[in-house]
>>> print(open('work_24.txt').read())   # compact mmCIF, C-alpha atoms
# COMPACT_ATOMS: atom_id res chain seq x y z
CA MET B 194 -2.17 -9.11 18.94
CA HIS B 195 -4.44 -6.56 17.29
CA ILE B 196 -3.23 -3.40 15.64
CA ALA B 197 -5.39 -0.87 13.82
CA LEU B 198 -3.63 2.06 12.19
CA SER B 199 -5.12 5.42 11.37
CA TYR B 200 -3.59 7.71 8.80
CA GLN B 201 -5.94 10.54 9.71
CA SER B 202 -5.10 10.84 13.39
CA GLY B 203 -1.83 12.70 12.82
CA GLN B 204 -0.13 10.43 15.36
CA PRO B 205 3.05 8.84 13.97
CA ILE B 206 2.55 5.24 12.87
CA TYR B 207 5.33 3.83 15.07
CA GLU B 208 3.71 5.46 18.10
CA GLN B 209 0.32 3.99 17.26
CA ILE B 210 1.89 0.53 17.08
CA LYS B 211 3.84 1.14 20.27
CA TYR B 212 0.81 2.27 22.25
CA GLN B 213 -1.38 -0.55 21.03
CA ILE B 214 1.13 -3.29 21.75
CA ARG B 215 1.95 -1.77 25.10
CA ALA B 216 -1.72 -1.51 26.04
CA GLN B 217 -2.20 -5.17 25.20
CA ILE B 218 0.81 -6.15 27.29
CA LEU B 219 -0.37 -4.07 30.24
CA SER B 220 -3.90 -5.40 30.05
CA GLY B 221 -2.53 -8.93 30.09
CA GLU B 222 -3.92 -9.69 26.66
CA LEU B 223 -0.38 -10.37 25.51
CA GLU B 224 1.23 -12.62 28.07
CA ALA B 225 4.88 -12.58 29.05
CA GLY B 226 6.88 -14.90 26.83
CA THR B 227 4.56 -14.58 23.82
CA MET B 228 6.50 -14.44 20.57
CA LEU B 229 5.68 -11.48 18.33
CA PRO B 230 6.00 -11.40 14.53
CA SER B 231 9.41 -10.37 13.16
CA ILE B 232 10.03 -6.75 12.19
CA ARG B 233 9.75 -7.55 8.50
CA MET B 234 6.59 -9.57 9.04
CA LEU B 235 5.05 -6.74 11.06
CA ALA B 236 5.95 -4.28 8.28
CA LYS B 237 4.46 -6.53 5.63
CA GLU B 238 1.24 -7.27 7.48
CA LEU B 239 0.62 -3.63 8.38
CA LYS B 240 1.86 -2.35 5.01
CA ILE B 241 4.31 0.01 6.62
CA GLY B 242 8.04 0.69 6.31
CA ILE B 243 10.54 -1.70 7.85
CA ILE B 244 12.21 1.14 9.73
CA THR B 245 8.84 2.22 11.13
CA ALA B 246 8.21 -1.30 12.45
CA LYS B 247 11.73 -1.52 13.83
CA ARG B 248 11.33 1.76 15.65
CA ALA B 249 8.18 0.57 17.42
CA TYR B 250 9.89 -2.64 18.57
CA ASP B 251 13.10 -0.82 19.53
CA ASP B 252 11.18 1.67 21.67
CA LEU B 253 9.18 -1.08 23.37
CA SER B 254 12.38 -3.02 24.02
CA ALA B 255 14.06 0.06 25.47
CA GLU B 256 11.05 0.52 27.76
CA GLY B 257 11.35 -3.08 28.87
CA PHE B 258 8.12 -4.38 27.34
CA LEU B 259 9.81 -6.58 24.76
CA TYR B 260 13.06 -8.46 24.52
CA SER B 261 14.70 -10.18 21.61
CA VAL B 262 16.60 -13.41 21.48
CA GLN B 263 19.20 -13.52 18.73
CA GLY B 264 18.10 -15.87 16.00
CA LYS B 265 14.81 -16.69 17.70
CA GLY B 266 12.64 -13.61 17.70
CA VAL B 267 10.96 -10.91 19.74
CA PHE B 268 9.11 -11.76 22.94
CA VAL B 269 6.84 -10.07 25.47
CA ALA B 270 8.68 -9.27 28.70
CA GLU B 271 7.44 -9.56 32.28
CA VAL B 272 5.81 -6.26 33.25
CA LYS B 273 6.67 -4.66 36.57
CA LYS B 274 4.04 -2.99 38.70
CA ASP B 275 5.87 0.35 38.43
CA ASP B 276 5.49 0.29 34.66
CA LEU B 277 1.79 -0.17 35.02
CA THR B 278 1.56 2.91 37.22
CA ALA B 279 3.77 4.96 34.92
CA TYR B 280 1.68 3.89 31.96
CA LYS B 281 -1.54 4.93 33.60
CA LEU B 282 -0.10 8.28 34.58
CA GLU B 283 1.11 8.85 31.06
CA LYS B 284 -2.32 8.03 29.72
CA ILE B 285 -3.91 10.53 32.07
CA LYS B 286 -1.37 13.13 30.93
CA ASP B 287 -2.31 12.44 27.32
CA MET B 288 -5.96 12.99 28.11
CA PHE B 289 -5.20 16.26 29.84
CA GLU B 290 -3.19 17.38 26.87
CA GLU B 291 -6.11 16.67 24.62
CA ILE B 292 -8.46 18.66 26.83
CA THR B 293 -6.01 21.56 26.99
CA LYS B 294 -5.70 21.57 23.23
CA TYR B 295 -9.47 21.60 22.83
CA ALA B 296 -9.76 24.45 25.30
CA GLN B 297 -7.11 26.48 23.48
CA GLU B 298 -8.80 25.97 20.16
CA HIS B 299 -12.07 27.20 21.60
CA GLY B 300 -10.69 30.20 23.40
CA VAL B 301 -11.09 28.87 26.95
CA ASP B 302 -8.38 30.40 29.11
CA LYS B 303 -6.18 28.62 31.66
CA GLU B 304 -8.02 29.96 34.68
CA THR B 305 -11.42 28.74 33.52
CA LEU B 306 -9.89 25.38 32.71
CA THR B 307 -8.29 25.11 36.14
CA ASN B 308 -11.58 26.09 37.80
CA ILE B 309 -13.46 23.41 35.92
CA PHE B 310 -10.99 20.84 37.08
CA LYS B 311 -11.10 22.02 40.69
CA GLN B 312 -14.89 21.84 40.53
CA ILE B 313 -14.71 18.23 39.32
CA LEU B 314 -12.29 17.35 42.10
CA GLY B 315 -14.75 18.95 44.54
CA GLU B 316 -12.32 21.54 45.83
CA MET Y 238 25.56 -0.98 4.03
CA TYR Y 239 24.63 0.17 0.57
CA SER Y 240 23.33 -1.84 -2.36
CA LEU Y 241 23.95 1.00 -4.76
CA GLU Y 242 26.50 3.76 -4.40
CA ILE Y 243 26.01 6.34 -7.09
CA GLU Y 244 28.47 9.17 -7.34
CA ASN Y 245 28.41 12.14 -9.63
CA LEU Y 246 26.58 10.09 -12.27
CA THR Y 247 26.22 12.34 -15.28
CA VAL Y 248 24.02 11.97 -18.34
CA ALA Y 249 23.70 14.94 -20.67
CA PHE Y 250 20.96 15.34 -23.26
CA GLU Y 251 20.36 18.40 -25.37
CA ARG Y 252 17.86 19.95 -22.99
CA PHE Y 253 18.47 18.05 -19.82
CA THR Y 254 21.43 17.09 -17.68
CA MET Y 255 21.33 14.56 -14.88
CA ASN Y 256 23.99 14.73 -12.22
CA ALA Y 257 23.16 12.37 -9.41
CA THR Y 258 24.89 11.38 -6.19
CA VAL Y 259 22.95 9.03 -3.96
CA ASN Y 260 23.43 5.89 -1.87
CA ILE Y 261 20.68 3.28 -1.67
CA ARG Y 262 20.59 1.30 1.57
CA LYS Y 263 20.53 -2.45 1.65
CA GLY Y 264 17.59 -4.16 3.30
CA CYS Y 265 15.38 -1.12 2.82
CA ILE Y 266 12.76 0.22 0.45
CA THR Y 267 13.69 3.55 -1.09
CA GLY Y 268 11.09 5.65 -2.87
CA LEU Y 269 12.37 7.95 -5.60
CA ILE Y 270 10.03 10.83 -6.19
CA GLY Y 271 10.07 13.84 -8.45
CA ARG Y 272 8.00 15.62 -11.06
CA ASN Y 273 7.76 14.50 -14.67
CA GLY Y 274 11.09 15.08 -16.36
CA ALA Y 275 13.04 15.31 -13.11
CA GLY Y 276 15.32 12.49 -14.27
CA LYS Y 277 13.92 9.49 -12.37
CA SER Y 278 13.73 7.19 -15.39
CA THR Y 279 17.11 8.36 -16.67
CA LEU Y 280 18.66 7.48 -13.33
CA ILE Y 281 17.05 4.02 -13.36
CA LYS Y 282 18.09 3.36 -16.95
CA THR Y 283 21.66 4.39 -16.15
CA ILE Y 284 21.78 2.08 -13.13
CA MET Y 285 20.51 -0.74 -15.39
CA ARG Y 286 23.19 0.05 -18.03
CA GLN Y 287 20.52 0.92 -20.61
CA GLN Y 288 21.85 4.45 -20.74
CA ASP Y 289 25.50 5.47 -20.87
CA ALA Y 290 26.85 7.96 -18.40
CA SER Y 291 29.41 10.52 -19.49
CA ALA Y 292 30.92 10.75 -16.01
CA GLY Y 293 30.63 9.36 -12.52
CA HIS Y 294 30.33 5.81 -11.30
CA ILE Y 295 28.06 3.24 -9.68
CA LEU Y 296 29.03 0.53 -7.21
CA TYR Y 297 26.73 -2.49 -6.93
CA ASP Y 298 27.12 -4.07 -3.49
CA GLY Y 299 30.46 -2.31 -3.36
CA LYS Y 300 31.66 -3.58 -6.73
CA PRO Y 301 32.06 -1.76 -10.05
CA PHE Y 302 30.15 -3.08 -13.06
CA LYS Y 303 33.26 -3.66 -15.10
CA GLY Y 304 34.72 -7.05 -14.30
CA ASN Y 305 31.58 -8.17 -12.39
CA GLU Y 306 29.01 -7.99 -15.19
CA VAL Y 307 27.51 -11.46 -14.84
CA GLU Y 308 27.32 -11.37 -11.06
CA ILE Y 309 25.68 -7.95 -11.05
CA LEU Y 310 23.20 -8.65 -13.84
CA ASN Y 311 22.09 -11.80 -12.01
CA LYS Y 312 21.65 -9.85 -8.81
CA ILE Y 313 19.60 -6.98 -10.14
CA ALA Y 314 16.20 -6.89 -11.85
CA CYS Y 315 14.17 -3.98 -13.10
CA VAL Y 316 10.66 -3.10 -14.18
CA PHE Y 317 11.17 -0.30 -16.69
CA ASP Y 318 8.61 2.31 -17.68
CA ALA Y 319 7.89 0.21 -20.79
CA PRO Y 320 8.49 -3.51 -21.47
CA HIS Y 321 12.11 -4.26 -22.42
CA PHE Y 322 11.31 -7.42 -24.32
CA ASN Y 323 9.56 -8.31 -27.55
CA VAL Y 324 5.89 -7.60 -26.77
CA ALA Y 325 4.77 -9.47 -29.88
CA LEU Y 326 5.57 -12.68 -27.99
CA LYS Y 327 3.15 -14.58 -25.79
CA PRO Y 328 3.97 -15.14 -22.11
CA LYS Y 329 4.38 -18.85 -22.91
CA ARG Y 330 7.38 -18.06 -25.14
CA LEU Y 331 8.75 -15.36 -22.86
CA PHE Y 332 8.67 -17.78 -19.94
CA LYS Y 333 10.88 -20.25 -21.84
CA LEU Y 334 13.16 -17.45 -22.98
CA TYR Y 335 13.63 -16.04 -19.48
CA LYS Y 336 14.15 -19.50 -18.04
CA SER Y 337 16.99 -20.07 -20.49
CA ILE Y 338 18.60 -16.69 -19.78
CA TYR Y 339 18.30 -16.63 -16.00
CA PRO Y 340 19.56 -19.82 -14.37
CA GLN Y 341 17.76 -19.11 -11.10
CA PHE Y 342 14.41 -18.22 -12.74
CA ASP Y 343 11.64 -19.38 -10.39
CA ALA Y 344 9.07 -21.28 -12.48
CA GLU Y 345 6.89 -22.08 -9.49
CA LEU Y 346 6.63 -18.45 -8.44
CA TYR Y 347 5.91 -17.52 -12.06
CA GLU Y 348 2.89 -19.83 -12.20
CA LYS Y 349 1.66 -18.61 -8.86
CA LEU Y 350 1.88 -14.94 -9.82
CA MET Y 351 0.33 -15.44 -13.27
CA GLN Y 352 -2.67 -16.92 -11.49
CA LYS Y 353 -2.73 -14.29 -8.78
CA PHE Y 354 -2.90 -11.50 -11.37
CA GLN Y 355 -5.05 -13.58 -13.72
CA LEU Y 356 -2.82 -13.05 -16.72
CA PRO Y 357 -3.28 -15.29 -19.80
CA SER Y 358 -0.27 -17.20 -21.13
CA ASP Y 359 -1.48 -17.54 -24.72
CA ILE Y 360 -2.15 -13.93 -25.69
CA ARG Y 361 0.56 -11.67 -27.11
CA VAL Y 362 1.80 -9.20 -24.52
CA ASN Y 363 1.09 -6.28 -26.87
CA LYS Y 364 -2.59 -7.21 -26.65
CA PHE Y 365 -2.49 -6.80 -22.86
CA SER Y 366 -3.84 -3.61 -21.31
CA PHE Y 367 -1.26 -1.17 -19.95
CA GLY Y 368 -1.88 -2.31 -16.39
CA MET Y 369 -1.60 -5.98 -17.35
CA GLN Y 370 1.73 -5.28 -19.05
CA ARG Y 371 3.02 -3.57 -15.91
CA LYS Y 372 2.02 -6.54 -13.81
CA TYR Y 373 3.61 -8.97 -16.24
CA CYS Y 374 6.89 -7.03 -16.19
CA LEU Y 375 6.85 -7.18 -12.40
CA ILE Y 376 6.31 -10.95 -12.46
CA LEU Y 377 9.26 -11.45 -14.81
CA ALA Y 378 11.47 -9.26 -12.63
CA LEU Y 379 10.55 -11.05 -9.39
CA CYS Y 380 11.02 -14.51 -10.90
CA GLN Y 381 14.62 -13.64 -11.80
CA LYS Y 382 15.18 -13.93 -8.01
CA PRO Y 383 17.15 -10.71 -7.74
CA GLU Y 384 18.62 -9.19 -4.61
CA ILE Y 385 18.11 -5.68 -5.87
CA LEU Y 386 14.74 -4.85 -7.41
CA ILE Y 387 14.32 -1.57 -9.24
CA LEU Y 388 10.87 -0.41 -10.28
CA ASP Y 389 9.98 2.56 -12.46
CA GLU Y 390 6.48 3.58 -11.40
CA PRO Y 391 5.38 0.06 -10.51
CA THR Y 392 1.79 0.95 -9.66
CA SER Y 393 0.98 3.38 -12.46
CA GLY Y 394 -1.95 2.19 -14.55
CA ILE Y 395 -2.81 -0.58 -12.10
CA ASP Y 396 -6.22 -0.69 -10.45
CA PRO Y 397 -6.43 -0.18 -6.66
CA TYR Y 398 -7.04 -3.85 -5.95
CA ASP Y 399 -3.95 -5.03 -7.79
CA ARG Y 400 -1.98 -2.06 -6.52
CA GLY Y 401 -2.46 -3.60 -3.10
CA ASN Y 402 -1.17 -6.88 -4.52
CA VAL Y 403 1.89 -5.14 -5.98
CA VAL Y 404 2.67 -3.54 -2.63
CA GLU Y 405 2.28 -6.92 -0.97
CA LEU Y 406 4.69 -8.51 -3.46
CA ILE Y 407 7.27 -5.81 -2.80
CA GLN Y 408 6.96 -6.36 0.94
CA GLU Y 409 7.13 -10.13 0.54
CA PHE Y 410 10.31 -9.62 -1.46
CA MET Y 411 11.66 -7.55 1.44
CA MET Y 412 11.23 -10.37 3.95
CA ASP Y 413 14.84 -11.24 3.09
CA GLU Y 414 17.05 -8.67 4.74
CA ASN Y 415 19.64 -8.87 1.98
CA HIS Y 416 17.09 -7.55 -0.49
CA THR Y 417 16.77 -3.97 -1.61
CA VAL Y 418 14.01 -2.12 -3.45
CA LEU Y 419 14.30 1.18 -5.27
CA PHE Y 420 11.13 2.45 -6.89
CA SER Y 421 10.14 5.67 -8.54
CA THR Y 422 6.63 6.95 -8.14
CA HIS Y 423 4.36 9.93 -8.32
CA ILE Y 424 3.56 9.08 -4.72
CA THR Y 425 0.58 6.89 -4.63
CA GLU Y 426 -0.47 6.55 -1.08
CA ASP Y 427 0.31 2.86 -0.65
CA LEU Y 428 3.92 3.22 -1.75
CA ASP Y 429 4.31 6.26 0.41
CA LYS Y 430 3.43 4.04 3.37
CA ILE Y 431 5.95 1.25 2.80
CA ALA Y 432 9.04 3.28 1.87
CA ASP Y 433 11.84 3.48 4.45
CA TYR Y 434 13.82 6.17 2.68
CA ILE Y 435 12.67 8.98 0.44
CA VAL Y 436 14.86 10.35 -2.33
CA ILE Y 437 13.62 13.48 -4.06
CA MET Y 438 14.88 14.34 -7.51
CA GLN Y 439 14.55 17.75 -9.07
CA ASN Y 440 15.94 19.00 -12.39
CA GLY Y 441 18.32 16.06 -12.70
CA LYS Y 442 19.70 16.36 -9.20
CA ILE Y 443 19.06 14.54 -5.93
CA THR Y 444 17.81 17.20 -3.55
CA LEU Y 445 16.90 15.03 -0.60
CA ASN Y 446 17.70 11.56 0.71
CA GLU Y 447 16.41 10.81 4.17
CA GLU Y 448 14.55 8.39 6.33
CA LYS Y 449 10.87 8.86 5.64
CA GLU Y 450 9.71 9.11 9.20
CA THR Y 451 12.37 11.60 10.19
CA ILE Y 452 11.67 14.02 7.37
CA CYS Y 453 7.95 14.01 7.99
CA GLU Y 454 8.41 14.44 11.72
CA ASN Y 455 10.70 17.41 11.26
CA TYR Y 456 7.91 19.34 9.60
CA ARG Y 457 4.40 20.45 10.42
CA LEU Y 458 1.61 21.18 8.00
CA VAL Y 459 -0.41 24.12 9.20
CA GLN Y 460 -3.81 25.37 8.13
CA CYS Y 461 -5.01 28.79 9.19
CA ALA Y 462 -7.52 31.45 8.24
CA GLU Y 463 -5.12 34.40 8.36
CA LEU Y 464 -1.45 34.44 7.51
CA THR Y 465 -0.11 36.81 10.16
CA GLU Y 466 3.34 38.45 10.04
CA GLU Y 467 4.39 36.12 12.84
CA LEU Y 468 3.36 33.03 10.88
CA LYS Y 469 5.01 34.31 7.71
CA LYS Y 470 8.36 34.00 9.46
CA TYR Y 471 8.02 30.22 9.57
CA ALA Y 472 5.85 29.50 6.56
CA LEU Y 473 7.23 27.51 3.64
CA GLY Y 474 5.41 26.75 0.40
CA VAL Y 475 2.30 28.74 1.26
CA GLN Y 476 -0.81 27.81 -0.67
CA LYS Y 477 -3.86 30.02 -0.53
CA SER Y 478 -7.44 29.01 -1.04
CA MET Y 479 -10.77 30.79 -0.64
CA PHE Y 480 -10.95 29.64 2.93
CA GLY Y 481 -7.46 30.16 4.21
CA TYR Y 482 -3.84 29.18 3.95
CA THR Y 483 -1.92 25.94 4.11
CA PHE Y 484 1.81 25.93 4.64
CA LEU Y 485 4.71 23.85 5.78
CA THR Y 486 6.94 24.81 8.65
CA LYS Y 487 10.08 23.55 10.29
CA ASN Y 488 8.97 25.11 13.56
CA LYS Y 489 7.72 21.98 15.29
CA ASP Y 490 6.51 23.91 18.33
CA ILE Y 491 4.23 26.14 16.34
CA SER Y 492 0.94 26.75 18.10
CA GLY Y 493 -1.76 29.33 18.22
CA GLU Y 494 -5.45 29.94 18.21
CA GLY Y 495 -7.30 28.58 15.20
CA LEU Y 496 -4.30 26.73 13.78
CA GLN Y 497 -4.78 23.20 12.51
CA ILE Y 498 -1.45 21.46 12.85
CA LYS Y 499 -0.40 18.01 11.73
CA VAL Y 500 2.60 15.99 10.62
CA PRO Y 501 2.66 16.14 6.82
CA THR Y 502 2.54 13.10 4.57
CA VAL Y 503 5.35 12.71 2.05
CA GLU Y 504 2.96 13.90 -0.63
CA GLU Y 505 2.14 17.08 1.27
CA LEU Y 506 5.81 17.68 1.96
CA PHE Y 507 6.57 17.26 -1.71
CA ILE Y 508 3.77 19.49 -2.96
CA HIS Y 509 4.48 22.31 -0.56
CA THR Y 510 8.22 22.35 -1.09
CA LEU Y 511 7.59 22.61 -4.81
CA GLY Y 512 4.96 25.32 -4.36
CA GLU Y 513 4.97 28.17 -6.86
CA ASN Y 514 4.80 30.67 -4.05
CA LYS Y 515 7.86 32.90 -3.68
CA GLN Y 516 7.87 32.24 0.04
CA SER Y 517 8.68 28.62 -0.49
CA GLU Y 518 12.34 27.89 -0.17
CA PRO Y 519 14.43 25.66 -2.39
CA PHE Y 520 15.20 22.10 -1.45
CA GLU Y 521 18.63 22.94 -0.12
CA ASP Y 522 16.73 24.10 2.90
CA LEU Y 523 15.35 20.66 3.65
>>> encode(input="work_24.txt", output="structure tokens")
Amino acid sequence: MHIALSYQSGQPIYEQIKYQIRAQILSGELEAGTMLPSIRMLAKELKIGIITAKRAYDDLSAEGFLYSVQGKGVFVAEVKKDDLTAYKLEKIKDMFEEITKYAQEHGVDKETLTNIFKQILGE
Amino acid sequence: MYSLEIENLTVAFERFTMNATVNIRKGCITGLIGRNGAGKSTLIKTIMRQQDASAGHILYDGKPFKGNEVEILNKIACVFDAPHFNVALKPKRLFKLYKSIYPQFDAELYEKLMQKFQLPSDIRVNKFSFGMQRKYCLILALCQKPEILILDEPTSGIDPYDRGNVVELIQEFMMDENHTVLFSTHITEDLDKIADYIVIMQNGKITLNEEKETICENYRLVQCAELTEELKKYALGVQKSMFGYTFLTKNKDISGEGLQIKVPTVEELFIHTLGENKQSEPFEDL
């Protein structure tokens, strides 16, 4: 498992951890059944708060990417095909959001933006 | 679950009165921040029974100090703003002394940490540099094997390399979920990262006690060239520079052309809420 945190990106730390672990699960880099470090170990290794680490794991568990076994630890769950699709769609949405933000900052209006996209799609 | 429950704790000096009510959560790291003279050290000294309170009370793991003195003193260790032992002694002597006072003193850990921080055992502590003294105090506190560790500015005067080591030690200590850390700081970046809860102290009072991530997320730090009437409605703690304005806002959905928006760090939150500007609101508003 690799995690690289950025304090300049403005993205909350727990989200950065969440996205990176999730990406590695979806890409198959982290196989189902792999044991992950404990919350406190994760916090220590990344030099972050315990609650921050817990939040990342909790969210990933709620989304079905991780599961914990009492007294044993946190493990990577089996990923369903639907999750993969949802993840990709979410990623595309993120990219669009970034583009929209850039356009707004540079005074490009909605119509121009839509036209550019239509052009790319060949409509 | 709280390790420390502090209620209405009052200490009155001629020019300063502390009146603090705050609960410190077990299993978490709490960062106590505030300007010089806000009462951080007074609070820590009162918790450690080095300062008498004229009113109020403290519960340690749910128990009052009276009647549980030995249990509590064995459970709690502190790094004060200055060494609380005879600094004319050499670490060699202090080691023996501490070992005789604290039954659970960890000699193995002591040796390990003395090496890690490269501290000499045969030089009087008063000949140590300020940073070396701080590190030595931390070693003594950790080797007492406490459950509650209280640190008054643990990284002040320590070089960046060893500051990293100090942070690592605090986090290693926190691997046990029954452990609790309370530290005061002027917000050095590394401590800001590892804290779970932030307590802000101002003029002897606790003005904020919240989960770090939540407080930061509830605010946005905005930079803009012009402070329009519309923006003024939301702006807190406005600071002006030659090139524009920086302010804090609780309006998370703020957007607009030419605005640079980000989630503030604890330090930014702290600075802007204490801004001199009249537009900034008092802490009650947090």
>>> interface_residues(input="work_24.txt", of="chain Y", to="chain B", cutoff="9 Å", atoms="all atoms listed in the file", output="PyMOL selection string")
chain Y and resi 264-266+404-405+407-409+411-414+427-434+448-450+454+493-496+498-501
>>> write_last_selection(input="work_24.txt", atoms="C-alpha atoms", output="tab-separated table (two decimals), in the coordinates of the input")
chain	number	residue	atom	x	y	z
Y	264	GLY	CA	17.59	-4.16	3.30
Y	265	CYS	CA	15.38	-1.12	2.82
Y	266	ILE	CA	12.76	0.22	0.45
Y	404	VAL	CA	2.67	-3.54	-2.63
Y	405	GLU	CA	2.28	-6.92	-0.97
Y	407	ILE	CA	7.27	-5.81	-2.80
Y	408	GLN	CA	6.96	-6.36	0.94
Y	409	GLU	CA	7.13	-10.13	0.54
Y	411	MET	CA	11.66	-7.55	1.44
Y	412	MET	CA	11.23	-10.37	3.95
Y	413	ASP	CA	14.84	-11.24	3.09
Y	414	GLU	CA	17.05	-8.67	4.74
Y	427	ASP	CA	0.31	2.86	-0.65
Y	428	LEU	CA	3.92	3.22	-1.75
Y	429	ASP	CA	4.31	6.26	0.41
Y	430	LYS	CA	3.43	4.04	3.37
Y	431	ILE	CA	5.95	1.25	2.80
Y	432	ALA	CA	9.04	3.28	1.87
Y	433	ASP	CA	11.84	3.48	4.45
Y	434	TYR	CA	13.82	6.17	2.68
Y	448	GLU	CA	14.55	8.39	6.33
Y	449	LYS	CA	10.87	8.86	5.64
Y	450	GLU	CA	9.71	9.11	9.20
Y	454	GLU	CA	8.41	14.44	11.72
Y	493	GLY	CA	-1.76	29.33	18.22
Y	494	GLU	CA	-5.45	29.94	18.21
Y	495	GLY	CA	-7.30	28.58	15.20
Y	496	LEU	CA	-4.30	26.73	13.78
Y	498	ILE	CA	-1.45	21.46	12.85
Y	499	LYS	CA	-0.40	18.01	11.73
Y	500	VAL	CA	2.60	15.99	10.62
Y	501	PRO	CA	2.66	16.14	6.82
>>> residues_around(input="work_24.txt", residues="Val262 in chain B", least_positions_apart="3", cutoff="12 Å", atoms="only C-alpha atoms", output="PyMOL selection string")
chain B and resi 226+228-229+231+254+259+265-270
>>> residues_around(input="work_24.txt", residues="range 242-247 of chain Y", least_positions_apart="2", cutoff="12 Å", atoms="only C-alpha atoms", output="PDB file with C-alpha atoms, in the frame of the given file")
ATOM      1  CA  MET Y 238      25.560  -0.980   4.030  1.00  0.00           C
ATOM      2  CA  TYR Y 239      24.630   0.170   0.570  1.00  0.00           C
ATOM      3  CA  SER Y 240      23.330  -1.840  -2.360  1.00  0.00           C
ATOM      4  CA  ALA Y 249      23.700  14.940 -20.670  1.00  0.00           C
ATOM      5  CA  PHE Y 250      20.960  15.340 -23.260  1.00  0.00           C
ATOM      6  CA  PHE Y 253      18.470  18.050 -19.820  1.00  0.00           C
ATOM      7  CA  THR Y 254      21.430  17.090 -17.680  1.00  0.00           C
ATOM      8  CA  MET Y 255      21.330  14.560 -14.880  1.00  0.00           C
ATOM      9  CA  ASN Y 256      23.990  14.730 -12.220  1.00  0.00           C
ATOM     10  CA  ALA Y 257      23.160  12.370  -9.410  1.00  0.00           C
ATOM     11  CA  THR Y 258      24.890  11.380  -6.190  1.00  0.00           C
ATOM     12  CA  VAL Y 259      22.950   9.030  -3.960  1.00  0.00           C
ATOM     13  CA  ASN Y 260      23.430   5.890  -1.870  1.00  0.00           C
ATOM     14  CA  ILE Y 261      20.680   3.280  -1.670  1.00  0.00           C
ATOM     15  CA  ARG Y 262      20.590   1.300   1.570  1.00  0.00           C
ATOM     16  CA  LYS Y 263      20.530  -2.450   1.650  1.00  0.00           C
ATOM     17  CA  GLY Y 276      15.320  12.490 -14.270  1.00  0.00           C
ATOM     18  CA  THR Y 279      17.110   8.360 -16.670  1.00  0.00           C
ATOM     19  CA  LEU Y 280      18.660   7.480 -13.330  1.00  0.00           C
ATOM     20  CA  ILE Y 281      17.050   4.020 -13.360  1.00  0.00           C
ATOM     21  CA  LYS Y 282      18.090   3.360 -16.950  1.00  0.00           C
ATOM     22  CA  THR Y 283      21.660   4.390 -16.150  1.00  0.00           C
ATOM     23  CA  ILE Y 284      21.780   2.080 -13.130  1.00  0.00           C
ATOM     24  CA  GLN Y 288      21.850   4.450 -20.740  1.00  0.00           C
ATOM     25  CA  ASP Y 289      25.500   5.470 -20.870  1.00  0.00           C
ATOM     26  CA  ALA Y 290      26.850   7.960 -18.400  1.00  0.00           C
ATOM     27  CA  SER Y 291      29.410  10.520 -19.490  1.00  0.00           C
ATOM     28  CA  ALA Y 292      30.920  10.750 -16.010  1.00  0.00           C
ATOM     29  CA  GLY Y 293      30.630   9.360 -12.520  1.00  0.00           C
ATOM     30  CA  HIS Y 294      30.330   5.810 -11.300  1.00  0.00           C
ATOM     31  CA  ILE Y 295      28.060   3.240  -9.680  1.00  0.00           C
ATOM     32  CA  LEU Y 296      29.030   0.530  -7.210  1.00  0.00           C
ATOM     33  CA  TYR Y 297      26.730  -2.490  -6.930  1.00  0.00           C
ATOM     34  CA  ASP Y 298      27.120  -4.070  -3.490  1.00  0.00           C
ATOM     35  CA  GLY Y 299      30.460  -2.310  -3.360  1.00  0.00           C
ATOM     36  CA  LYS Y 300      31.660  -3.580  -6.730  1.00  0.00           C
ATOM     37  CA  PRO Y 301      32.060  -1.760 -10.050  1.00  0.00           C
ATOM     38  CA  PHE Y 302      30.150  -3.080 -13.060  1.00  0.00           C
ATOM     39  CA  GLY Y 441      18.320  16.060 -12.700  1.00  0.00           C
ATOM     40  CA  LYS Y 442      19.700  16.360  -9.200  1.00  0.00           C
ATOM     41  CA  ILE Y 443      19.060  14.540  -5.930  1.00  0.00           C
TER      42      ILE Y 443
END
>>> residues_around(input="work_24.txt", residues="Ala216 in chain B", least_positions_apart="3", cutoff="12 Å", atoms="all atoms listed in the file", output="ChimeraX atom specification")
/B:194-196,208-213,219-224,253,258,272,276-277,280-281,283-284
>>> residues_around(input="work_24.txt", residues="Asn488 in chain Y", least_positions_apart="3", cutoff="9 Å", atoms="all atoms listed in the file", output="ChimeraX atom specification")
/Y:455-457,471-472,485,491
